[in-house]
$ cat final-v8.cif   # mmCIF, C-alpha atoms
data_work
#
loop_
_atom_site.label_atom_id
_atom_site.label_comp_id
_atom_site.auth_asym_id
_atom_site.auth_seq_id
_atom_site.Cartn_x
_atom_site.Cartn_y
_atom_site.Cartn_z
CA MET A 1 0.00 0.00 0.00
CA ASN A 2 3.01 2.33 0.04
CA SER A 3 2.16 3.41 -3.50
CA LEU A 4 -0.95 5.13 -2.19
CA VAL A 5 -0.27 8.58 -0.82
CA ARG A 6 -2.48 10.23 1.79
CA ILE A 7 -2.54 13.98 1.28
CA HIS A 8 -2.57 16.55 4.03
CA ALA A 9 -5.06 19.35 4.63
CA ALA A 10 -4.02 22.97 4.45
CA GLU A 11 -4.06 24.81 7.78
CA GLN A 12 -6.85 27.24 6.87
CA SER A 13 -9.61 25.84 9.07
CA GLN A 14 -10.15 29.12 10.95
CA LEU A 15 -10.98 31.10 7.81
CA SER A 16 -14.50 31.68 6.52
CA ALA A 17 -15.47 30.47 3.06
CA ASP A 18 -15.33 34.07 1.80
CA GLU A 19 -11.82 34.48 3.17
CA LYS A 20 -10.74 31.23 1.57
CA GLU A 21 -12.12 32.40 -1.77
CA LEU A 22 -10.08 35.61 -1.52
CA LEU A 23 -7.00 33.56 -0.65
CA LEU A 24 -7.66 31.33 -3.66
CA LEU A 25 -7.94 34.29 -6.03
CA LYS A 26 -4.78 35.83 -4.59
CA GLN A 27 -2.84 32.65 -5.33
CA PHE A 28 -3.48 33.03 -9.05
CA THR A 29 -2.30 36.63 -9.14
CA GLU A 30 1.11 35.46 -7.92
CA PHE A 31 1.70 33.78 -11.30
CA PRO A 32 1.91 35.46 -14.70
CA SER A 33 -0.05 32.60 -16.30
CA MET A 34 -1.57 29.26 -15.40
CA ILE A 35 -2.89 26.02 -16.91
CA VAL A 36 -5.84 24.54 -14.99
CA ALA A 37 -6.80 20.88 -15.40
CA LEU A 38 -10.57 20.92 -15.92
CA SER A 39 -12.47 17.64 -15.68
CA GLY A 40 -15.90 19.24 -15.38
CA GLY A 41 -16.62 18.31 -11.77
CA ALA A 42 -17.61 20.90 -9.18
CA ASP A 43 -14.05 21.30 -7.86
CA SER A 44 -12.16 21.73 -11.11
CA ALA A 45 -14.93 23.95 -12.51
CA PHE A 46 -14.70 26.27 -9.52
CA LEU A 47 -10.93 26.31 -9.88
CA ALA A 48 -11.24 27.20 -13.57
CA TRP A 49 -13.69 29.99 -12.71
CA ALA A 50 -11.35 31.37 -10.04
CA ALA A 51 -8.38 31.37 -12.44
CA HIS A 52 -10.49 33.06 -15.11
CA ARG A 53 -11.67 35.72 -12.66
CA ALA A 54 -8.22 36.34 -11.21
CA ILE A 55 -6.04 36.47 -14.33
CA GLY A 56 -8.47 36.30 -17.25
CA PRO A 57 -7.01 35.12 -20.57
CA ARG A 58 -3.68 34.39 -18.91
CA ALA A 59 -5.39 31.28 -17.52
CA LEU A 60 -6.02 28.31 -19.82
CA SER A 61 -8.31 25.49 -18.74
CA VAL A 62 -7.47 22.16 -20.34
CA THR A 63 -9.55 18.97 -20.51
CA ALA A 64 -7.97 15.62 -21.36
CA LEU A 65 -9.85 13.26 -23.66
CA SER A 66 -9.29 9.52 -23.55
CA PRO A 67 -11.43 6.35 -23.54
CA SER A 68 -11.95 6.76 -19.77
CA TYR A 69 -13.57 10.19 -20.20
CA SER A 70 -17.26 10.00 -21.01
CA ALA A 71 -19.09 11.87 -23.74
CA HIS A 72 -21.44 13.18 -21.04
CA ASP A 73 -18.54 14.78 -19.16
CA ARG A 74 -17.29 16.36 -22.38
CA THR A 75 -20.71 17.92 -22.97
CA VAL A 76 -20.72 19.31 -19.41
CA VAL A 77 -17.33 20.94 -19.99
CA GLU A 78 -18.34 22.36 -23.38
CA GLU A 79 -21.45 23.97 -21.90
CA PHE A 80 -19.53 25.27 -18.88
CA VAL A 81 -16.75 27.04 -20.79
CA LEU A 82 -19.25 28.46 -23.28
CA LYS A 83 -21.43 29.88 -20.50
CA LEU A 84 -18.51 31.35 -18.53
CA GLY A 85 -16.35 32.47 -21.42
CA VAL A 86 -13.41 30.54 -20.00
CA ARG A 87 -10.38 30.15 -22.25
CA HIS A 88 -10.26 26.41 -22.85
CA GLU A 89 -8.79 23.60 -24.94
CA PHE A 90 -9.27 19.86 -25.27
CA ILE A 91 -6.18 17.66 -25.52
CA GLU A 92 -5.66 13.91 -25.87
CA THR A 93 -3.88 11.73 -23.33
CA HIS A 94 -2.68 8.17 -23.92
CA GLU A 95 -2.66 6.43 -20.57
CA MET A 96 -4.21 3.38 -22.27
CA GLU A 97 -0.85 2.77 -23.93
CA ASN A 98 0.76 2.22 -20.53
CA PRO A 99 0.51 -1.45 -19.42
CA LYS A 100 0.79 -0.37 -15.77
CA TYR A 101 -2.35 1.72 -16.17
CA ARG A 102 -4.22 -1.04 -17.99
CA ALA A 103 -3.26 -3.54 -15.27
CA ASN A 104 -5.56 -1.58 -12.95
CA ALA A 105 -3.73 -2.06 -9.68
CA ALA A 106 -4.66 0.09 -6.69
CA ASP A 107 -2.34 2.85 -7.93
CA ARG A 108 -3.95 3.09 -11.39
CA CYS A 109 -4.75 6.77 -10.85
CA TYR A 110 -1.07 7.52 -10.45
CA PHE A 111 -0.34 6.46 -14.02
CA CYS A 112 -3.34 8.36 -15.36
CA LYS A 113 -2.33 11.59 -13.60
CA ASP A 114 1.31 11.08 -14.51
CA GLU A 115 0.32 10.97 -18.18
CA LEU A 116 -1.93 14.02 -17.80
CA PHE A 117 0.67 16.12 -16.01
CA THR A 118 3.40 15.05 -18.41
CA VAL A 119 1.31 16.34 -21.30
CA LEU A 120 0.45 19.55 -19.43
CA ASP A 121 4.11 20.06 -18.49
CA VAL A 122 5.05 19.93 -22.17
CA MET A 123 2.25 22.33 -23.06
CA ALA A 124 3.28 24.75 -20.32
CA ARG A 125 6.93 24.65 -21.38
CA GLU A 126 6.27 25.04 -25.09
CA ARG A 127 3.69 27.82 -24.68
CA GLY A 128 5.24 29.71 -21.81
CA PHE A 129 2.79 29.04 -18.97
CA ALA A 130 4.25 29.57 -15.52
CA ALA A 131 2.48 26.75 -13.67
CA VAL A 132 -0.12 23.95 -13.77
CA ALA A 133 -2.91 23.50 -11.20
CA TYR A 134 -5.57 20.89 -10.47
CA GLY A 135 -8.67 20.65 -8.32
CA VAL A 136 -7.91 18.52 -5.26
CA ASN A 137 -9.71 19.92 -2.18
CA ALA A 138 -9.40 19.74 1.60
CA ASP A 139 -11.89 16.87 1.92
CA ASP A 140 -9.72 14.72 -0.30
CA THR A 141 -7.34 14.39 2.64
CA LEU A 142 -9.81 11.86 4.04
CA ASP A 143 -9.19 9.39 1.22
CA PHE A 144 -6.24 7.82 -0.54
CA ARG A 145 -5.29 9.70 -3.68
CA PRO A 146 -2.50 7.97 -5.62
CA GLY A 147 -2.88 10.60 -8.31
CA HIS A 148 -1.67 13.21 -5.84
CA ARG A 149 1.76 11.55 -5.84
CA ALA A 150 1.99 12.29 -9.56
CA ALA A 151 0.91 15.88 -8.92
CA THR A 152 3.62 16.24 -6.29
CA GLU A 153 6.27 14.79 -8.58
CA HIS A 154 5.28 17.17 -11.38
CA ARG A 155 5.06 20.15 -8.98
CA VAL A 156 1.43 20.73 -9.88
CA LEU A 157 -0.29 23.31 -7.71
CA ALA A 158 -3.34 22.51 -5.56
CA PRO A 159 -4.93 25.93 -4.93
CA LEU A 160 -8.21 24.64 -3.46
CA LEU A 161 -6.31 22.51 -0.97
CA ASP A 162 -3.89 25.33 -0.15
CA ALA A 163 -6.84 27.63 0.56
CA GLY A 164 -8.38 24.98 2.82
CA LEU A 165 -11.59 24.79 0.78
CA HIS A 166 -13.90 21.87 1.51
CA LYS A 167 -16.40 20.36 -0.93
CA ALA A 168 -19.44 21.95 0.74
CA GLU A 169 -17.78 25.36 0.66
CA ILE A 170 -16.88 24.93 -3.01
CA ARG A 171 -20.48 24.05 -3.83
CA ASN A 172 -21.87 27.00 -1.86
CA LEU A 173 -19.44 29.47 -3.41
CA SER A 174 -20.11 28.03 -6.86
CA GLN A 175 -23.85 28.47 -6.39
CA ARG A 176 -23.37 32.06 -5.25
CA VAL A 177 -21.43 33.01 -8.39
CA GLY A 178 -23.87 31.14 -10.64
CA LEU A 179 -21.77 28.19 -11.77
CA PRO A 180 -23.96 25.45 -13.33
CA THR A 181 -21.68 22.82 -11.78
CA TRP A 182 -22.41 23.82 -8.18
CA ASP A 183 -24.64 20.82 -7.50
CA ARG A 184 -23.18 18.40 -10.02
CA PRO A 185 -23.00 14.89 -8.55
CA ALA A 186 -19.53 13.54 -7.76
CA SER A 187 -17.90 12.15 -10.86
CA ALA A 188 -14.80 10.14 -11.68
CA CYS A 189 -13.29 8.52 -14.75
CA LEU A 190 -14.93 5.43 -16.20
CA ALA A 191 -11.96 3.25 -15.18
CA SER A 192 -12.99 3.74 -11.54
CA ARG A 193 -15.94 1.42 -12.23
CA LEU A 194 -13.65 -1.57 -12.83
CA PRO A 195 -12.49 -3.64 -9.82
CA TYR A 196 -8.76 -3.55 -9.17
CA GLY A 197 -7.04 -6.29 -11.16
CA THR A 198 -9.58 -6.16 -14.00
CA GLU A 199 -7.71 -4.95 -17.07
CA VAL A 200 -8.77 -1.55 -18.33
CA THR A 201 -9.82 -1.89 -21.96
CA ALA A 202 -11.63 0.42 -24.32
CA GLU A 203 -14.40 -2.16 -24.66
CA ARG A 204 -15.03 -2.36 -20.91
CA LEU A 205 -15.00 1.40 -20.55
CA ALA A 206 -17.49 1.76 -23.40
CA LEU A 207 -19.75 -0.85 -21.79
CA VAL A 208 -19.78 1.08 -18.51
CA GLU A 209 -20.42 4.34 -20.34
CA ARG A 210 -23.44 2.86 -22.14
CA GLY A 211 -24.79 1.52 -18.85
CA GLU A 212 -24.48 4.85 -17.09
CA ALA A 213 -25.98 6.70 -20.03
CA ALA A 214 -29.02 4.41 -19.68
CA LEU A 215 -29.41 5.28 -15.99
CA ARG A 216 -29.11 8.96 -16.80
CA GLU A 217 -31.86 8.61 -19.40
CA LEU A 218 -34.05 7.05 -16.70
CA GLY A 219 -33.67 10.22 -14.65
CA PHE A 220 -31.17 9.18 -11.99
CA ARG A 221 -28.58 11.76 -10.86
CA GLN A 222 -26.05 10.06 -8.56
CA PHE A 223 -25.05 6.53 -9.48
CA ARG A 224 -22.31 4.17 -10.60
CA VAL A 225 -22.32 1.08 -12.79
CA ARG A 226 -19.58 -1.15 -11.37
CA LEU A 227 -18.48 -3.77 -13.84
CA HIS A 228 -17.90 -7.34 -12.65
CA GLU A 229 -17.29 -9.33 -15.83
CA LYS A 230 -20.73 -9.27 -17.49
CA LEU A 231 -22.55 -8.27 -14.31
CA ALA A 232 -23.49 -4.65 -13.70
CA ARG A 233 -23.52 -3.79 -9.98
CA VAL A 234 -25.62 -0.65 -9.88
CA GLU A 235 -25.10 1.83 -7.05
CA ILE A 236 -27.84 4.43 -6.64
CA ALA A 237 -27.83 7.35 -4.20
CA PRO A 238 -29.83 6.51 -1.03
CA GLU A 239 -32.43 9.20 -1.70
CA GLU A 240 -33.07 7.71 -5.15
CA MET A 241 -33.15 4.07 -4.03
CA PRO A 242 -36.93 3.85 -3.39
CA ARG A 243 -37.59 4.81 -7.00
CA ALA A 244 -34.96 2.37 -8.26
CA MET A 245 -36.42 -0.49 -6.23
CA SER A 246 -39.98 -0.18 -7.48
CA PRO A 247 -40.83 -3.23 -9.60
CA GLU A 248 -41.42 -1.18 -12.72
CA MET A 249 -38.20 0.80 -12.46
CA ALA A 250 -36.14 -2.25 -11.50
CA ALA A 251 -37.39 -3.96 -14.66
CA SER A 252 -36.52 -0.89 -16.72
CA ILE A 253 -33.01 -0.71 -15.28
CA ALA A 254 -32.42 -4.38 -16.01
CA ALA A 255 -33.76 -4.10 -19.55
CA ARG A 256 -31.74 -0.96 -20.36
CA LEU A 257 -28.47 -2.34 -19.01
CA LYS A 258 -28.91 -5.67 -20.75
CA ALA A 259 -29.54 -3.77 -23.98
CA ALA A 260 -26.29 -1.90 -23.30
CA GLY A 261 -24.41 -5.21 -23.26
CA PHE A 262 -24.54 -6.60 -19.71
CA THR A 263 -25.71 -10.16 -19.10
CA PHE A 264 -26.72 -9.71 -15.46
CA VAL A 265 -27.86 -6.64 -13.50
CA ALA A 266 -27.77 -6.30 -9.70
CA LEU A 267 -28.81 -3.38 -7.50
CA ASP A 268 -26.34 -2.79 -4.65
CA LEU A 269 -28.42 -2.53 -1.45
CA GLU A 270 -25.79 -0.31 0.20
CA GLY A 271 -26.39 2.30 -2.46
CA TYR A 272 -23.92 4.73 -3.96
CA ARG A 273 -20.77 5.50 -1.98
CA GLN A 274 -17.72 7.18 -3.40
CA GLY A 275 -14.75 4.87 -3.95
CA SER A 276 -16.60 1.68 -3.03
CA LEU A 277 -14.07 -0.43 -4.91
CA ASN A 278 -11.44 0.71 -2.39
CA GLU A 279 -13.29 -1.41 0.16
CA SER A 280 -11.47 -4.44 -1.22
CA LEU A 281 -8.02 -2.99 -0.45
CA ALA A 282 -8.09 -3.26 3.35
CA PRO A 283 -10.55 -3.42 6.24
CA ARG A 284 -12.27 -0.14 6.93
CA GLY A 285 -10.22 2.05 9.21
CA LYS A 286 -7.01 0.14 8.41
CA LEU A 287 -5.93 2.06 5.29
#
$ encode --input "final-v8.cif" --output "structure tokens"
Amino acid sequence: MNSLVRIHAAEQSQLSADEKELLLLKQFTEFPSMIVALSGGADSAFLAWAAHRAIGPRALSVTALSPSYSAHDRTVVEEFVLKLGVRHEFIETHEMENPKYRANAADRCYFCKDELFTVLDVMARERGFAAVAYGVNADDTLDFRPGHRAATEHRVLAPLLDAGLHKAEIRNLSQRVGLPTWDRPASACLASRLPYGTEVTAERLALVERGEAALRELGFRQFRVRLHEKLARVEIAPEEMPRAMSPEMAASIAARLKAAGFTFVALDLEGYRQGSLNESLAPRGKL
């Protein structure tokens, strides 16, 4: 487990959310230019907004496209940057070419982030950007984040973490400034739906993406389709579980996911919980 790095919270707990926002904006003004990694989640979107507000066109938000990034997430990013007028570009990353990434060990995220930051490092060097930042926040200190090791190695900045901003504060501040991502459900790459040790392939990622698109079409907001061979283990947010468990909806979920390519469909009675596949790594409380 030494490949998994626990990150540490910034010592800003005594500041109000407004004070943390001012601290965040000040961080950007200390650099002549900045690349911001934008995935489209609430955290990275708020970071992109802050960079845009603080230094305007001297900030460039960049979104990496690969088989693990869903078409839905791309649409969210396209709508976000259009609405906010954020300077933005899509790039391609090639983590799928790395056998260590495809092997899907517990440190898979390290190899994904290492590829991303390598590409962003080259972009920054070739185009004269002073630094690269990404959207890890203070709550992420409560979980293992192997990708943070890559960020540390590449000297990527973590402005939200440095300002001590927690997820709830980021959502509240995002709502106040009118960001459409303020209440976006937690999201992660499609590879996070595959159990550790299951090889990451384009076909498996596409299967998961089709399954989750089907749940979205049925009106669910917070969910995961965890792939176990040909079985889809569906996690639904607790507040949405009663609807999912009605006989009619259960039949619809099964039919839609089988049409997407799964052979069996199971509803996880524990519901959605972030990082549930980490439960297999060690007993709870022992990580």
$ residues_around --input "final-v8.cif" --residues "Glu217 of chain A" --least-positions-apart "6" --cutoff "12 Å" --atoms "all atoms listed in the file" --output "number ranges by chain"
A: 72, 210-211, 252-253, 256-257
$ residues_near_point --input "final-v8.cif" --point "(-20.0, -0.1, -20.0)" --cutoff "8 Å" --atoms "all atoms listed in the file" --output "list in words"
Glu203, Arg204, Leu205, Ala206, Leu207, Val208, Glu209, Arg210, Gly211, Glu212, Val225, Leu227, Ala260, Gly261 and Phe262 of chain A
$ resolve_selection --input "final-v8.cif" --expression "the PyMOL selection byres ((chain A and resi 112) around 10)" --output "VMD selection string"
chain A and resid 68 93 to 96 98 100 to 102 107 to 111 113 to 118 146 to 147 150 189
$ closest_residue --input "final-v8.cif" --among "A:Leu194, A:Ala151, A:Ala45, A:Ala131" --to "Lys83 of chain A" --atoms "all atoms listed in the file"
A:Ala45
$ resolve_selection --input "final-v8.cif" --expression "the PyMOL selection byres ((chain A and resi 92) around 9)" --output "list of chain:residue names"
A:Thr63, A:Ala64, A:Leu65, A:Ser66, A:Phe90, A:Ile91, A:Thr93, A:His94, A:Leu116, A:Val119
$ closest_residue --input "final-v8.cif" --among "A:Asn137, A:Thr29, A:Ser187, A:Thr75" --to "Gly164 of chain A" --atoms "only C-alpha atoms"
A:Asn137
$ closest_residue --input "final-v8.cif" --among "A:Ala255, A:Met245, A:Leu24, A:Val81" --to "Ala133 of chain A" --atoms "all atoms listed in the file"
A:Leu24
$ resolve_selection --input "final-v8.cif" --expression "the PyMOL selection byres ((chain A and resi 171-173) around 8)" --output "mmCIF file with C-alpha atoms, keeping the file's coordinate frame"
data_model
loop_
_atom_site.group_PDB
_atom_site.id
_atom_site.type_symbol
_atom_site.label_atom_id
_atom_site.label_comp_id
_atom_site.auth_asym_id
_atom_site.auth_seq_id
_atom_site.Cartn_x
_atom_site.Cartn_y
_atom_site.Cartn_z
ATOM 1 C CA ALA A 17 -15.470 30.470 3.060
ATOM 2 C CA ALA A 42 -17.610 20.900 -9.180
ATOM 3 C CA LYS A 167 -16.400 20.360 -0.930
ATOM 4 C CA ALA A 168 -19.440 21.950 0.740
ATOM 5 C CA GLU A 169 -17.780 25.360 0.660
ATOM 6 C CA ILE A 170 -16.880 24.930 -3.010
ATOM 7 C CA SER A 174 -20.110 28.030 -6.860
ATOM 8 C CA GLN A 175 -23.850 28.470 -6.390
ATOM 9 C CA ARG A 176 -23.370 32.060 -5.250
ATOM 10 C CA VAL A 177 -21.430 33.010 -8.390
ATOM 11 C CA TRP A 182 -22.410 23.820 -8.180
ATOM 12 C CA ASP A 183 -24.640 20.820 -7.500
#
$ atom_distance --input "final-v8.cif" --atom1 "atom CA of Ala54 of chain A" --atom2 "atom CA of Glu79 of chain A"
21.0 Å
$ atom_distance --input "final-v8.cif" --atom1 "atom CA of Asp268 of chain A" --atom2 "atom CA of Ile236 of chain A"
7.6 Å
$ axis_aligned_box --input "final-v8.cif" --around "segment 230-233 of chain A" --padding-each-side "4 Å" --output "lines of an AutoDock Vina configuration file"
center_x = -22.1
center_y = -6.5
center_z = -13.7
size_x = 10.8
size_y = 13.5
size_z = 15.5
$ residues_around --input "final-v8.cif" --residues "Arg184 of chain A" --least-positions-apart "3" --cutoff "8 Å" --atoms "only C-alpha atoms" --output "list of chain:residue names"
A:Gly41, A:Ala42, A:Pro180, A:Thr181
$ atom_distance --input "final-v8.cif" --atom1 "atom CA of Asp162 of chain A" --atom2 "atom CA of Gly56 of chain A"
20.8 Å
$ build_atoms --input "final-v8.cif" --residues "segment 61-85 of chain A" --atoms "N, CA, C and O atoms" --output "PDB file, in the frame of the given file"
ATOM      1  N   SER A  61      -7.780  26.741 -19.258  1.00  0.00           N
ATOM      2  CA  SER A  61      -8.310  25.490 -18.740  1.00  0.00           C
ATOM      3  C   SER A  61      -8.189  24.415 -19.807  1.00  0.00           C
ATOM      4  O   SER A  61      -8.494  24.668 -20.977  1.00  0.00           O
ATOM      5  N   VAL A  62      -7.754  23.231 -19.396  1.00  0.00           N
ATOM      6  CA  VAL A  62      -7.470  22.160 -20.340  1.00  0.00           C
ATOM      7  C   VAL A  62      -8.164  20.889 -19.875  1.00  0.00           C
ATOM      8  O   VAL A  62      -8.091  20.513 -18.695  1.00  0.00           O
ATOM      9  N   THR A  63      -8.845  20.227 -20.799  1.00  0.00           N
ATOM     10  CA  THR A  63      -9.550  18.970 -20.510  1.00  0.00           C
ATOM     11  C   THR A  63      -8.953  17.859 -21.342  1.00  0.00           C
ATOM     12  O   THR A  63      -8.815  17.989 -22.556  1.00  0.00           O
ATOM     13  N   ALA A  64      -8.596  16.763 -20.679  1.00  0.00           N
ATOM     14  CA  ALA A  64      -7.970  15.620 -21.360  1.00  0.00           C
ATOM     15  C   ALA A  64      -9.029  14.633 -21.822  1.00  0.00           C
ATOM     16  O   ALA A  64      -9.894  14.218 -21.048  1.00  0.00           O
ATOM     17  N   LEU A  65      -8.938  14.253 -23.077  1.00  0.00           N
ATOM     18  CA  LEU A  65      -9.850  13.260 -23.660  1.00  0.00           C
ATOM     19  C   LEU A  65      -9.122  11.933 -23.809  1.00  0.00           C
ATOM     20  O   LEU A  65      -7.987  11.877 -24.286  1.00  0.00           O
ATOM     21  N   SER A  66      -9.808  10.869 -23.402  1.00  0.00           N
ATOM     22  CA  SER A  66      -9.290   9.520 -23.550  1.00  0.00           C
ATOM     23  C   SER A  66     -10.477   8.568 -23.430  1.00  0.00           C
ATOM     24  O   SER A  66     -11.591   9.009 -23.110  1.00  0.00           O
ATOM     25  N   PRO A  67     -10.292   7.262 -23.660  1.00  0.00           N
ATOM     26  CA  PRO A  67     -11.430   6.350 -23.540  1.00  0.00           C
ATOM     27  C   PRO A  67     -12.074   6.314 -22.160  1.00  0.00           C
ATOM     28  O   PRO A  67     -13.225   5.884 -22.030  1.00  0.00           O
ATOM     29  N   SER A  68     -11.368   6.778 -21.122  1.00  0.00           N
ATOM     30  CA  SER A  68     -11.950   6.760 -19.770  1.00  0.00           C
ATOM     31  C   SER A  68     -12.761   8.009 -19.460  1.00  0.00           C
ATOM     32  O   SER A  68     -13.330   8.119 -18.372  1.00  0.00           O
ATOM     33  N   TYR A  69     -12.820   8.936 -20.409  1.00  0.00           N
ATOM     34  CA  TYR A  69     -13.570  10.190 -20.200  1.00  0.00           C
ATOM     35  C   TYR A  69     -14.843  10.117 -21.018  1.00  0.00           C
ATOM     36  O   TYR A  69     -14.815   9.981 -22.242  1.00  0.00           O
ATOM     37  N   SER A  70     -15.981  10.249 -20.349  1.00  0.00           N
ATOM     38  CA  SER A  70     -17.260  10.000 -21.010  1.00  0.00           C
ATOM     39  C   SER A  70     -17.694  11.165 -21.894  1.00  0.00           C
ATOM     40  O   SER A  70     -17.308  12.316 -21.686  1.00  0.00           O
ATOM     41  N   ALA A  71     -18.518  10.847 -22.871  1.00  0.00           N
ATOM     42  CA  ALA A  71     -19.090  11.870 -23.740  1.00  0.00           C
ATOM     43  C   ALA A  71     -19.962  12.831 -22.936  1.00  0.00           C
ATOM     44  O   ALA A  71     -20.026  14.030 -23.235  1.00  0.00           O
ATOM     45  N   HIS A  72     -20.615  12.320 -21.892  1.00  0.00           N
ATOM     46  CA  HIS A  72     -21.440  13.180 -21.040  1.00  0.00           C
ATOM     47  C   HIS A  72     -20.577  14.236 -20.356  1.00  0.00           C
ATOM     48  O   HIS A  72     -20.940  15.420 -20.307  1.00  0.00           O
ATOM     49  N   ASP A  73     -19.429  13.829 -19.821  1.00  0.00           N
ATOM     50  CA  ASP A  73     -18.540  14.780 -19.160  1.00  0.00           C
ATOM     51  C   ASP A  73     -18.031  15.824 -20.155  1.00  0.00           C
ATOM     52  O   ASP A  73     -17.896  17.006 -19.813  1.00  0.00           O
ATOM     53  N   ARG A  74     -17.755  15.402 -21.372  1.00  0.00           N
ATOM     54  CA  ARG A  74     -17.290  16.360 -22.380  1.00  0.00           C
ATOM     55  C   ARG A  74     -18.368  17.412 -22.652  1.00  0.00           C
ATOM     56  O   ARG A  74     -18.073  18.608 -22.762  1.00  0.00           O
ATOM     57  N   THR A  75     -19.610  16.979 -22.736  1.00  0.00           N
ATOM     58  CA  THR A  75     -20.710  17.920 -22.970  1.00  0.00           C
ATOM     59  C   THR A  75     -20.822  18.912 -21.814  1.00  0.00           C
ATOM     60  O   THR A  75     -21.040  20.116 -22.032  1.00  0.00           O
ATOM     61  N   VAL A  76     -20.669  18.421 -20.574  1.00  0.00           N
ATOM     62  CA  VAL A  76     -20.720  19.310 -19.410  1.00  0.00           C
ATOM     63  C   VAL A  76     -19.649  20.385 -19.505  1.00  0.00           C
ATOM     64  O   VAL A  76     -19.895  21.570 -19.261  1.00  0.00           O
ATOM     65  N   VAL A  77     -18.433  19.992 -19.876  1.00  0.00           N
ATOM     66  CA  VAL A  77     -17.330  20.940 -19.990  1.00  0.00           C
ATOM     67  C   VAL A  77     -17.603  21.944 -21.111  1.00  0.00           C
ATOM     68  O   VAL A  77     -17.393  23.159 -20.946  1.00  0.00           O
ATOM     69  N   GLU A  78     -18.067  21.459 -22.252  1.00  0.00           N
ATOM     70  CA  GLU A  78     -18.340  22.360 -23.380  1.00  0.00           C
ATOM     71  C   GLU A  78     -19.363  23.418 -22.996  1.00  0.00           C
ATOM     72  O   GLU A  78     -19.195  24.612 -23.323  1.00  0.00           O
ATOM     73  N   GLU A  79     -20.420  23.014 -22.302  1.00  0.00           N
ATOM     74  CA  GLU A  79     -21.450  23.970 -21.900  1.00  0.00           C
ATOM     75  C   GLU A  79     -20.917  24.937 -20.840  1.00  0.00           C
ATOM     76  O   GLU A  79     -21.244  26.129 -20.857  1.00  0.00           O
ATOM     77  N   PHE A  80     -20.075  24.439 -19.946  1.00  0.00           N
ATOM     78  CA  PHE A  80     -19.530  25.270 -18.880  1.00  0.00           C
ATOM     79  C   PHE A  80     -18.640  26.386 -19.437  1.00  0.00           C
ATOM     80  O   PHE A  80     -18.816  27.560 -19.109  1.00  0.00           O
ATOM     81  N   VAL A  81     -17.690  26.025 -20.293  1.00  0.00           N
ATOM     82  CA  VAL A  81     -16.750  27.040 -20.790  1.00  0.00           C
ATOM     83  C   VAL A  81     -17.457  28.031 -21.715  1.00  0.00           C
ATOM     84  O   VAL A  81     -17.093  29.207 -21.776  1.00  0.00           O
ATOM     85  N   LEU A  82     -18.482  27.553 -22.421  1.00  0.00           N
ATOM     86  CA  LEU A  82     -19.250  28.460 -23.280  1.00  0.00           C
ATOM     87  C   LEU A  82     -20.013  29.470 -22.442  1.00  0.00           C
ATOM     88  O   LEU A  82     -20.026  30.677 -22.744  1.00  0.00           O
ATOM     89  N   LYS A  83     -20.632  29.009 -21.373  1.00  0.00           N
ATOM     90  CA  LYS A  83     -21.430  29.880 -20.500  1.00  0.00           C
ATOM     91  C   LYS A  83     -20.556  30.908 -19.794  1.00  0.00           C
ATOM     92  O   LYS A  83     -20.923  32.083 -19.668  1.00  0.00           O
ATOM     93  N   LEU A  84     -19.372  30.481 -19.332  1.00  0.00           N
ATOM     94  CA  LEU A  84     -18.510  31.350 -18.530  1.00  0.00           C
ATOM     95  C   LEU A  84     -17.512  32.152 -19.356  1.00  0.00           C
ATOM     96  O   LEU A  84     -16.876  33.074 -18.837  1.00  0.00           O
ATOM     97  N   GLY A  85     -17.349  31.794 -20.606  1.00  0.00           N
ATOM     98  CA  GLY A  85     -16.350  32.470 -21.420  1.00  0.00           C
ATOM     99  C   GLY A  85     -14.927  32.142 -21.025  1.00  0.00           C
ATOM    100  O   GLY A  85     -13.996  32.940 -21.232  1.00  0.00           O
TER     101      GLY A  85
END
